[in-house]
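J.: This is the structure, below, for whatever I ask next.
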Amino acid sequence: MIFVKNLHKSYGKLEVLKGIDCHIREKEVVVVIGPSGSGKSTFLRCLNKLEEPTRGEIIVDGIPLNSEVNVNTIRREVGMVFQRFNLFPHMTAIQNIVLAPEVVRKTNKDEARKIGMELLAKVGLFDKADEYPDRLSGGQQQRVAIARALAMKPKIMLFDETTSALDPEMVGEVLSVMKDLAREGMTMVVVTHEMGFAREVGDRVIFMDEGIIMEEGEPNEVFANPKNPRTQAFLSKIL
Amino acid sequence: MNWHVVIDNMPILAKGALLTLELTAGAVAIGVVIGLFMALARLSKRKVARAGAIAYIDFFRGTPLLVQIFLVYFGIPMLLQWQTMPDNYQYTAGILAMGLNSGAYIAEIFRAGIQSIDRGQSEAARSLGMTQAQALRYVILPQAFKRTIPPLGNEFIALLKDSSLLSIIAIQELFYTGKIIVGRTYQPLPMYMAVALYYLVMTQLIAQWVAYMERRLGKNDLR
C-alpha cells in the first residue's frame, strides 16, 4: 500500500532521514518508535508530503508522490492526526468534520452531516457536535480530530504522536478509538511513545534512530529480544 | 470670536463630513481588495508575484500620499492623453489614490494576520486534501481576518483623516469646506475647532464599530 524507497530528508546541513526503505501492506498497523530527534515524525510527514523529501521515492496506493495533482489525490486517501490536534478553532466539532467532505469530495450537506454525526458517535462525542474546540478537553479534541480525518473515508491513517500532548488520564480514550480502528482493518502508521499500544495492536514495530530504521519486526519479538544494541538501550530506558 | 459662525455653518460642514465619509468608504473598499490581493501575492511561492507585491507596497508606503494624489489626478489624464478632464474626475482620482495607498498598508496588515495563524492549521487542511486556495478560504482567512480587525481599524481611521489631503485637488470634503468658510468669515479658531470635532466624531464612530466587530467575532475565540 505504501512503498518507500531510499527516502532522504535534510534541513540545510542537518540530515534528518538518511535513506529509509519500507513497505507497508494493506490493513497493516505499523508502529514507529524511537528517541526524539530520530526522524520518525519527519518520516511520517513525508508520507503525505507535508514535508518535501530531499531524495527518494514514495508510492502510496499505486500513485507516486511526484506532482501537485498526485499529492492532493493522495491526501484525500490518507488521513492524518497531529500531536497538537490542529482543530479549526472557528468551527464547531461537526463543522470541523464536514468541511473537507463538502469542499473536497463535494458531498452534499445532509449526507456529510449524517456521516459526521455517525463518526462523532463512534468516537463517543455525539453530544458535543455543536461545541467549539475551546470548550472540549484535549482528549475530546483529539477524538474529534480523528473523526475529522475519518470523514474523508481514508484508506490509510497516519498518527503523529497523537497522545503526547494529552494529560495522562485522557490518553486511554484516544488510544481506545485507535484500537477500534485497527480492529476494523484500517491501514495505520503510528508514531508513538505508547509501548503498550505498540505491543497490543501493532502488526509490526519499526525502531528508528539517527534517521534510519535500526530494527523492525513483530512487536513481541522486538520488545522481548531486541537485536540491535540501540534498540536494547532505548527499550531499557522506557520499559 | 464669533461662535455663531459655527452654528450657522453646521449644515454645510455636515455635507463636507458626509463626503469625507463617502471618500473614505470608497478608498477602504478599494484598499481592502488590493490589500488582500497583494498580501497573497506577497506570500506566494512565485517569485514574480512576490517581487511585484513588494515593489507595490514599497512604493505606496514609501512616498507621500500627497504626491500620489497628484500623480493620479494629473498623471492618468496625461498618460491616457485626454484632451479635457471628465466632469467630477477629481472624485474618482481622489478615491483611487487613497485606495491605492491604503492597499499597501492593508496588504501588510493582512500578511501579518495570515502569518500569525499556526502552521498546523494549514497542515491540517492540506492533509485533508484541500488545495491551498481552499485552505486559505475556509481555514486560514476566517481566522486571520478576526485578528486583523484592530489594525484595520487603525488604518481606516488614518485614512479618514488623510482624506483631508484631497482638498488640494478641490474636493469639497470636510477640511476644504471649513477652509472656504474661514476665507469668507475670518473666524479660523471656531471654524477649525468645529472641523476637528467633526473628524473626531467620525473617527470615534469607526473606533466604536471596530470594537463592536471585535466583540462579535471574538465570542467563539476564548484564547
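Starting from 1 in every chain, residues are counted up; chains themselves are A, B, ... following the order of the C-alpha cells, and ligands are numbered from 1 as listed.
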Quick one: residues within 10 Å of Lys49 in chain A, only C-alpha atoms counted, chain neighbours fewer than 5 positions away excluded, as a PyMOL selection string?

T.: (chain A and resi 42-44+58+65-66+68+71-72+74-75) or (chain B and resi 126-127)

J.: Pull out every residue of chain A that has at least one atom within 7 Å of chain B, counting only C-alpha atoms, and report them as a ChimeraX atom specification.

T.: /A:50,72-73,75-76,79-80,86,88,90,100,104,134,149

J.: Take the residues that were just selected and, keeping all heavy atoms, output them as a compact mmCIF listing (two decimals), in the first residue's frame.

T.:
# COMPACT_ATOMS: atom_id res chain seq x y z
N LEU A 50 3.69 16.48 3.70
CA LEU A 50 3.74 17.71 4.49
C LEU A 50 5.19 18.16 4.57
O LEU A 50 5.47 19.33 4.78
CB LEU A 50 3.15 17.51 5.89
CG LEU A 50 1.63 17.44 5.97
CD1 LEU A 50 1.17 17.34 7.40
CD2 LEU A 50 0.97 18.62 5.28
N ASN A 72 -2.43 16.00 -3.94
CA ASN A 72 -3.79 16.27 -3.46
C ASN A 72 -4.67 15.02 -3.52
O ASN A 72 -5.51 14.81 -2.66
CB ASN A 72 -4.42 17.41 -4.25
CG ASN A 72 -3.93 18.77 -3.76
OD1 ASN A 72 -3.51 18.91 -2.60
ND2 ASN A 72 -3.95 19.75 -4.62
N THR A 73 -4.47 14.21 -4.54
CA THR A 73 -5.23 12.96 -4.64
C THR A 73 -4.91 12.06 -3.45
O THR A 73 -5.81 11.50 -2.82
CB THR A 73 -4.85 12.21 -5.94
OG1 THR A 73 -4.93 13.15 -7.02
CG2 THR A 73 -5.79 11.05 -6.20
N ARG A 75 -3.62 12.87 -0.54
CA ARG A 75 -4.02 13.40 0.77
C ARG A 75 -5.48 13.11 1.07
O ARG A 75 -5.89 13.04 2.22
CB ARG A 75 -3.76 14.90 0.83
CG ARG A 75 -2.29 15.20 1.06
CD ARG A 75 -2.06 16.68 1.05
NE ARG A 75 -0.66 17.01 1.32
CZ ARG A 75 -0.11 18.16 0.97
NH1 ARG A 75 -0.82 19.06 0.34
NH2 ARG A 75 1.14 18.40 1.25
N ARG A 76 -6.29 12.97 0.02
CA ARG A 76 -7.69 12.59 0.24
C ARG A 76 -7.81 11.18 0.80
O ARG A 76 -8.73 10.87 1.51
CB ARG A 76 -8.45 12.65 -1.08
CG ARG A 76 -9.03 14.01 -1.36
CD ARG A 76 -9.67 14.02 -2.73
NE ARG A 76 -8.97 14.99 -3.57
CZ ARG A 76 -9.06 15.03 -4.89
NH1 ARG A 76 -9.78 14.15 -5.54
NH2 ARG A 76 -8.41 15.95 -5.55
N GLY A 79 -5.48 9.88 5.84
CA GLY A 79 -5.85 10.77 6.94
C GLY A 79 -4.68 10.98 7.87
O GLY A 79 -3.81 10.12 7.98
N MET A 80 -4.64 12.14 8.52
CA MET A 80 -3.55 12.38 9.46
C MET A 80 -4.08 12.99 10.74
O MET A 80 -4.95 13.85 10.72
CB MET A 80 -2.50 13.30 8.85
CG MET A 80 -1.27 13.45 9.72
SD MET A 80 0.11 14.12 8.79
CE MET A 80 1.49 13.61 9.77
N ASN A 86 -4.77 20.39 16.06
CA ASN A 86 -5.00 21.28 14.91
C ASN A 86 -6.45 21.30 14.45
O ASN A 86 -6.72 21.37 13.25
CB ASN A 86 -4.09 20.88 13.74
CG ASN A 86 -2.63 21.07 14.04
OD1 ASN A 86 -2.29 21.78 14.98
ND2 ASN A 86 -1.76 20.42 13.28
N PHE A 88 -9.91 23.24 13.73
CA PHE A 88 -10.13 24.62 13.29
C PHE A 88 -10.93 25.33 14.38
O PHE A 88 -12.09 25.00 14.61
CB PHE A 88 -10.87 24.63 11.95
CG PHE A 88 -10.20 23.77 10.90
CD1 PHE A 88 -10.95 22.91 10.10
CD2 PHE A 88 -8.82 23.82 10.72
CE1 PHE A 88 -10.33 22.11 9.14
CE2 PHE A 88 -8.20 23.03 9.76
CZ PHE A 88 -8.95 22.17 8.97
N HIS A 90 -12.37 28.12 14.73
CA HIS A 90 -13.54 28.95 14.42
C HIS A 90 -14.75 28.12 14.00
O HIS A 90 -15.76 28.66 13.57
CB HIS A 90 -13.19 29.97 13.34
CG HIS A 90 -12.71 29.35 12.05
ND1 HIS A 90 -11.65 28.48 12.00
CD2 HIS A 90 -13.15 29.47 10.79
CE1 HIS A 90 -11.46 28.10 10.75
NE2 HIS A 90 -12.36 28.69 10.00
N ALA A 100 -14.09 19.18 5.02
CA ALA A 100 -13.35 18.57 3.91
C ALA A 100 -14.25 17.71 3.00
O ALA A 100 -14.15 17.82 1.78
CB ALA A 100 -12.17 17.76 4.43
N VAL A 104 -13.91 19.18 -0.51
CA VAL A 104 -13.00 18.39 -1.35
C VAL A 104 -13.75 17.30 -2.10
O VAL A 104 -13.56 17.12 -3.29
CB VAL A 104 -11.88 17.78 -0.49
CG1 VAL A 104 -10.94 16.95 -1.35
CG2 VAL A 104 -11.10 18.87 0.23
N ASP A 134 -12.44 25.00 21.77
CA ASP A 134 -12.01 25.56 23.05
C ASP A 134 -12.80 25.01 24.24
O ASP A 134 -12.33 25.08 25.37
CB ASP A 134 -12.17 27.09 23.04
CG ASP A 134 -11.05 27.75 22.28
OD1 ASP A 134 -10.03 27.09 22.08
OD2 ASP A 134 -11.20 28.92 21.90
N ALA A 149 -10.56 13.28 10.31
CA ALA A 149 -9.75 12.58 9.31
C ALA A 149 -10.55 11.43 8.70
O ALA A 149 -10.50 11.19 7.48
CB ALA A 149 -8.46 12.06 9.94

J.: How many Å lie between CA of Tyr11 in chain A and CA of Ala165 in chain A, rounded to one decimal?

T.: 24.8 Å

J.: Using only C-alpha atoms, determine which residues lie at most 9 Å from range 54-68 of chain B, disregarding the query and same-chain residues fewer than 2 positions distant; provide the list as a list in words.

T.: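 What passes the distance filter is Met38, Ala41, Arg42, Ala49, Arg50, Ala51, Gly52, Phe70, Leu71, Val72, Tyr73, Ala97, Met98, Leu100, Asn101, Ser102, Gly103, Ala104, Tyr105, Ala107, Glu108, Asp162, Leu165, Leu166 and Ile168 of chain B.
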
J.: Identify, on the basis of only C-alpha atoms, every residue whose closest approach to Ala147 in chain A does not exceed 8 Å; exclude the query and any residue fewer than 4 positions from it along the same chain; express the result as a count of residues only.

T.: 7

J.: Tell me, as a list in words, which residues lie within 10 Å of Ala170 in chain B, counting only C-alpha atoms; anything in the same chain fewer than 4 positions away does not count.

T.: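 Everything that qualifies: Gln90, Tyr91, Gly94, Leu165, Leu166, Tyr176 and Thr177 of chain B.
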
J.: Might you pull out every residue within 8 Å of Val28 in chain B, with only C-alpha atoms counted and same-chain residues fewer than 6 positions away left off, and present them as number ranges by chain?

T.: B: 99, 102, 156, 159

J.: Filtering to all heavy atoms, could you give me those residues as a compact mmCIF listing (two decimals), in the first residue's frame?

T.:
# COMPACT_ATOMS: atom_id res chain seq x y z
N GLY B 99 -7.21 54.75 -2.23
CA GLY B 99 -7.37 53.29 -2.23
C GLY B 99 -6.06 52.58 -2.54
O GLY B 99 -5.69 51.61 -1.88
N SER B 102 -3.86 52.98 0.60
CA SER B 102 -4.20 52.14 1.76
C SER B 102 -4.05 50.67 1.42
O SER B 102 -3.80 49.85 2.32
CB SER B 102 -5.62 52.45 2.23
OG SER B 102 -6.55 51.85 1.38
N PHE B 156 -8.27 52.45 8.90
CA PHE B 156 -9.46 53.18 8.44
C PHE B 156 -9.51 54.57 9.04
O PHE B 156 -9.86 55.55 8.37
CB PHE B 156 -10.74 52.41 8.79
CG PHE B 156 -10.86 51.10 8.07
CD1 PHE B 156 -11.81 50.15 8.48
CD2 PHE B 156 -10.06 50.79 6.99
CE1 PHE B 156 -11.92 48.94 7.83
CE2 PHE B 156 -10.16 49.58 6.33
CZ PHE B 156 -11.10 48.66 6.76
N LEU B 159 -6.96 56.69 7.37
CA LEU B 159 -7.41 57.01 6.02
C LEU B 159 -8.43 58.14 6.05
O LEU B 159 -8.38 59.06 5.23
CB LEU B 159 -8.04 55.73 5.43
CG LEU B 159 -8.10 55.63 3.92
CD1 LEU B 159 -6.72 55.75 3.32
CD2 LEU B 159 -8.72 54.30 3.53

J.: Per DSSP on the backbone, what are the strand (DSSP E or B) residues of range 35-177 of chain A, as a list in words?

T.: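 Everything in range 35-177 of chain A that counts as strand (DSSP E or B) is Arg55, Gly56, Glu57, Ile58, Ile59, Val60, Ile63, Pro64, Val78, Gly79, Met80, Val81, Ile156, Met157, Leu158, Phe159 and Asp160 of chain A.
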
J.: Write the residues you've just listed into a file as a short mmCIF file (atom, residue, chain, number, x, y, z; two decimals), in the first residue's frame, and include all heavy atoms for each of them.

T.:
data_model
loop_
_atom_site.label_atom_id
_atom_site.label_comp_id
_atom_site.auth_asym_id
_atom_site.auth_seq_id
_atom_site.Cartn_x
_atom_site.Cartn_y
_atom_site.Cartn_z
N ARG A 55 15.31 13.47 -1.29
CA ARG A 55 15.64 12.46 -2.28
C ARG A 55 14.79 11.23 -1.98
O ARG A 55 14.31 11.05 -0.84
CB ARG A 55 17.13 12.10 -2.13
CG ARG A 55 17.79 11.47 -3.30
CD ARG A 55 19.24 11.98 -3.48
NE ARG A 55 20.03 12.02 -2.26
CZ ARG A 55 20.78 11.01 -1.81
NH1 ARG A 55 20.81 9.86 -2.45
NH2 ARG A 55 21.51 11.14 -0.74
N GLY A 56 14.59 10.38 -2.97
CA GLY A 56 13.89 9.14 -2.71
C GLY A 56 12.51 9.11 -3.34
O GLY A 56 12.07 10.07 -3.94
N GLU A 57 11.86 7.99 -3.18
CA GLU A 57 10.62 7.74 -3.89
C GLU A 57 9.57 7.25 -2.91
O GLU A 57 9.85 6.43 -2.05
CB GLU A 57 10.88 6.66 -4.94
CG GLU A 57 9.91 6.65 -6.08
CD GLU A 57 10.22 5.50 -7.05
OE1 GLU A 57 11.36 4.97 -7.03
OE2 GLU A 57 9.31 5.14 -7.80
N ILE A 58 8.36 7.77 -3.05
CA ILE A 58 7.26 7.30 -2.21
C ILE A 58 6.07 7.00 -3.12
O ILE A 58 5.69 7.83 -3.94
CB ILE A 58 6.84 8.35 -1.16
CG1 ILE A 58 8.02 8.71 -0.26
CG2 ILE A 58 5.68 7.83 -0.32
CD1 ILE A 58 7.74 9.87 0.67
N ILE A 59 5.53 5.79 -3.00
CA ILE A 59 4.35 5.43 -3.79
C ILE A 59 3.26 5.03 -2.82
O ILE A 59 3.45 4.13 -1.99
CB ILE A 59 4.66 4.28 -4.75
CG1 ILE A 59 5.79 4.69 -5.71
CG2 ILE A 59 3.41 3.89 -5.55
CD1 ILE A 59 6.31 3.55 -6.55
N VAL A 60 2.14 5.72 -2.88
CA VAL A 60 1.04 5.42 -1.97
C VAL A 60 -0.17 4.96 -2.78
O VAL A 60 -0.60 5.67 -3.69
CB VAL A 60 0.65 6.66 -1.13
CG1 VAL A 60 -0.51 6.33 -0.20
CG2 VAL A 60 1.84 7.14 -0.31
N ILE A 63 0.10 5.36 -6.43
CA ILE A 63 0.32 6.68 -7.02
C ILE A 63 1.62 7.28 -6.49
O ILE A 63 1.78 7.45 -5.29
CB ILE A 63 -0.85 7.63 -6.69
CG1 ILE A 63 -2.15 7.05 -7.22
CG2 ILE A 63 -0.59 9.02 -7.27
CD1 ILE A 63 -3.38 7.81 -6.79
N PRO A 64 2.57 7.58 -7.39
CA PRO A 64 3.81 8.20 -6.92
C PRO A 64 3.58 9.65 -6.49
O PRO A 64 2.84 10.38 -7.15
CB PRO A 64 4.73 8.13 -8.14
CG PRO A 64 3.83 7.95 -9.31
CD PRO A 64 2.56 7.32 -8.84
N VAL A 78 -5.36 9.61 2.50
CA VAL A 78 -4.51 9.39 3.66
C VAL A 78 -4.91 10.38 4.76
O VAL A 78 -4.74 11.59 4.60
CB VAL A 78 -3.02 9.59 3.30
CG1 VAL A 78 -2.14 9.38 4.53
CG2 VAL A 78 -2.62 8.63 2.20
N GLY A 79 -5.48 9.88 5.84
CA GLY A 79 -5.85 10.77 6.94
C GLY A 79 -4.68 10.98 7.87
O GLY A 79 -3.81 10.12 7.98
N MET A 80 -4.64 12.14 8.52
CA MET A 80 -3.55 12.38 9.46
C MET A 80 -4.08 12.99 10.74
O MET A 80 -4.95 13.85 10.72
CB MET A 80 -2.50 13.30 8.85
CG MET A 80 -1.27 13.45 9.72
SD MET A 80 0.11 14.12 8.79
CE MET A 80 1.49 13.61 9.77
N VAL A 81 -3.53 12.51 11.86
CA VAL A 81 -3.89 13.07 13.16
C VAL A 81 -2.62 13.59 13.80
O VAL A 81 -1.60 12.90 13.80
CB VAL A 81 -4.57 12.02 14.05
CG1 VAL A 81 -5.05 12.65 15.35
CG2 VAL A 81 -5.73 11.37 13.32
N ILE A 156 -5.77 4.99 4.45
CA ILE A 156 -4.62 4.90 5.35
C ILE A 156 -4.75 6.02 6.39
O ILE A 156 -5.20 7.12 6.07
CB ILE A 156 -3.30 5.10 4.57
CG1 ILE A 156 -3.17 4.04 3.47
CG2 ILE A 156 -2.10 5.09 5.50
CD1 ILE A 156 -2.12 4.37 2.44
N MET A 157 -4.37 5.71 7.63
CA MET A 157 -4.37 6.75 8.65
C MET A 157 -2.96 6.89 9.23
O MET A 157 -2.32 5.90 9.58
CB MET A 157 -5.34 6.41 9.79
CG MET A 157 -6.81 6.63 9.43
SD MET A 157 -7.32 8.38 9.44
CE MET A 157 -7.45 8.67 11.20
N LEU A 158 -2.51 8.14 9.33
CA LEU A 158 -1.21 8.43 9.93
C LEU A 158 -1.43 9.10 11.29
O LEU A 158 -2.21 10.05 11.39
CB LEU A 158 -0.40 9.36 9.03
CG LEU A 158 -0.24 8.97 7.56
CD1 LEU A 158 0.53 10.05 6.79
CD2 LEU A 158 0.46 7.63 7.43
N PHE A 159 -0.76 8.59 12.31
CA PHE A 159 -0.91 9.18 13.65
C PHE A 159 0.44 9.69 14.11
O PHE A 159 1.38 8.92 14.27
CB PHE A 159 -1.43 8.13 14.63
CG PHE A 159 -2.84 7.70 14.35
CD1 PHE A 159 -3.11 6.66 13.45
CD2 PHE A 159 -3.91 8.31 14.98
CE1 PHE A 159 -4.41 6.26 13.19
CE2 PHE A 159 -5.21 7.92 14.73
CZ PHE A 159 -5.47 6.89 13.83
N ASP A 160 0.53 11.00 14.34
CA ASP A 160 1.81 11.59 14.72
C ASP A 160 1.82 11.94 16.21
O ASP A 160 1.40 13.02 16.60
CB ASP A 160 2.06 12.85 13.88
CG ASP A 160 3.47 13.39 14.07
OD1 ASP A 160 4.26 12.74 14.78
OD2 ASP A 160 3.76 14.46 13.51
#

J.: Using only C-alpha atoms, which of the listed residues (B:Trp209, B:Tyr186, B:Phe37, B:Phe175) sits closest to Ile106 in chain B?

T.: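 Using only C-alpha atoms, Ile106 in chain B sits closest to B:Phe37.
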
J.: Between CA of Ile157 in chain B and CA of Thr203 in chain B, what distance in Å does the model show, to one decimal?

T.: 5.6 Å

J.: Just checking: using only C-alpha atoms, which residue out of B:Gly153, B:Glu173, B:Met191, B:Thr185 ends up closest to Gln204 in chain B?

T.: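 Distance minimum relative to Gln204 in chain B lands on B:Gly153.
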
J.: Please measure the separation of CA of Leu17 in chain A and CA of Pro229 in chain A, giving the value in Å to one decimal.

T.: 19.9 Å

J.: Pick out the residues sitting within 6 Å of Glu161 in chain A, and hand them over as a list in words; count only C-alpha atoms, and ignore anything fewer than 5 positions along from it in its own chain.

T.: Gln83, Val191 and Thr192 of chain A

J.: Which residue gives the smallest distance to Val103 in chain A among A:Met170, A:Ile212, A:Met152, A:Val31, with only C-alpha atoms counted?

T.: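 Using only C-alpha atoms, the shortest distance to Val103 in chain A belongs to A:Met152.
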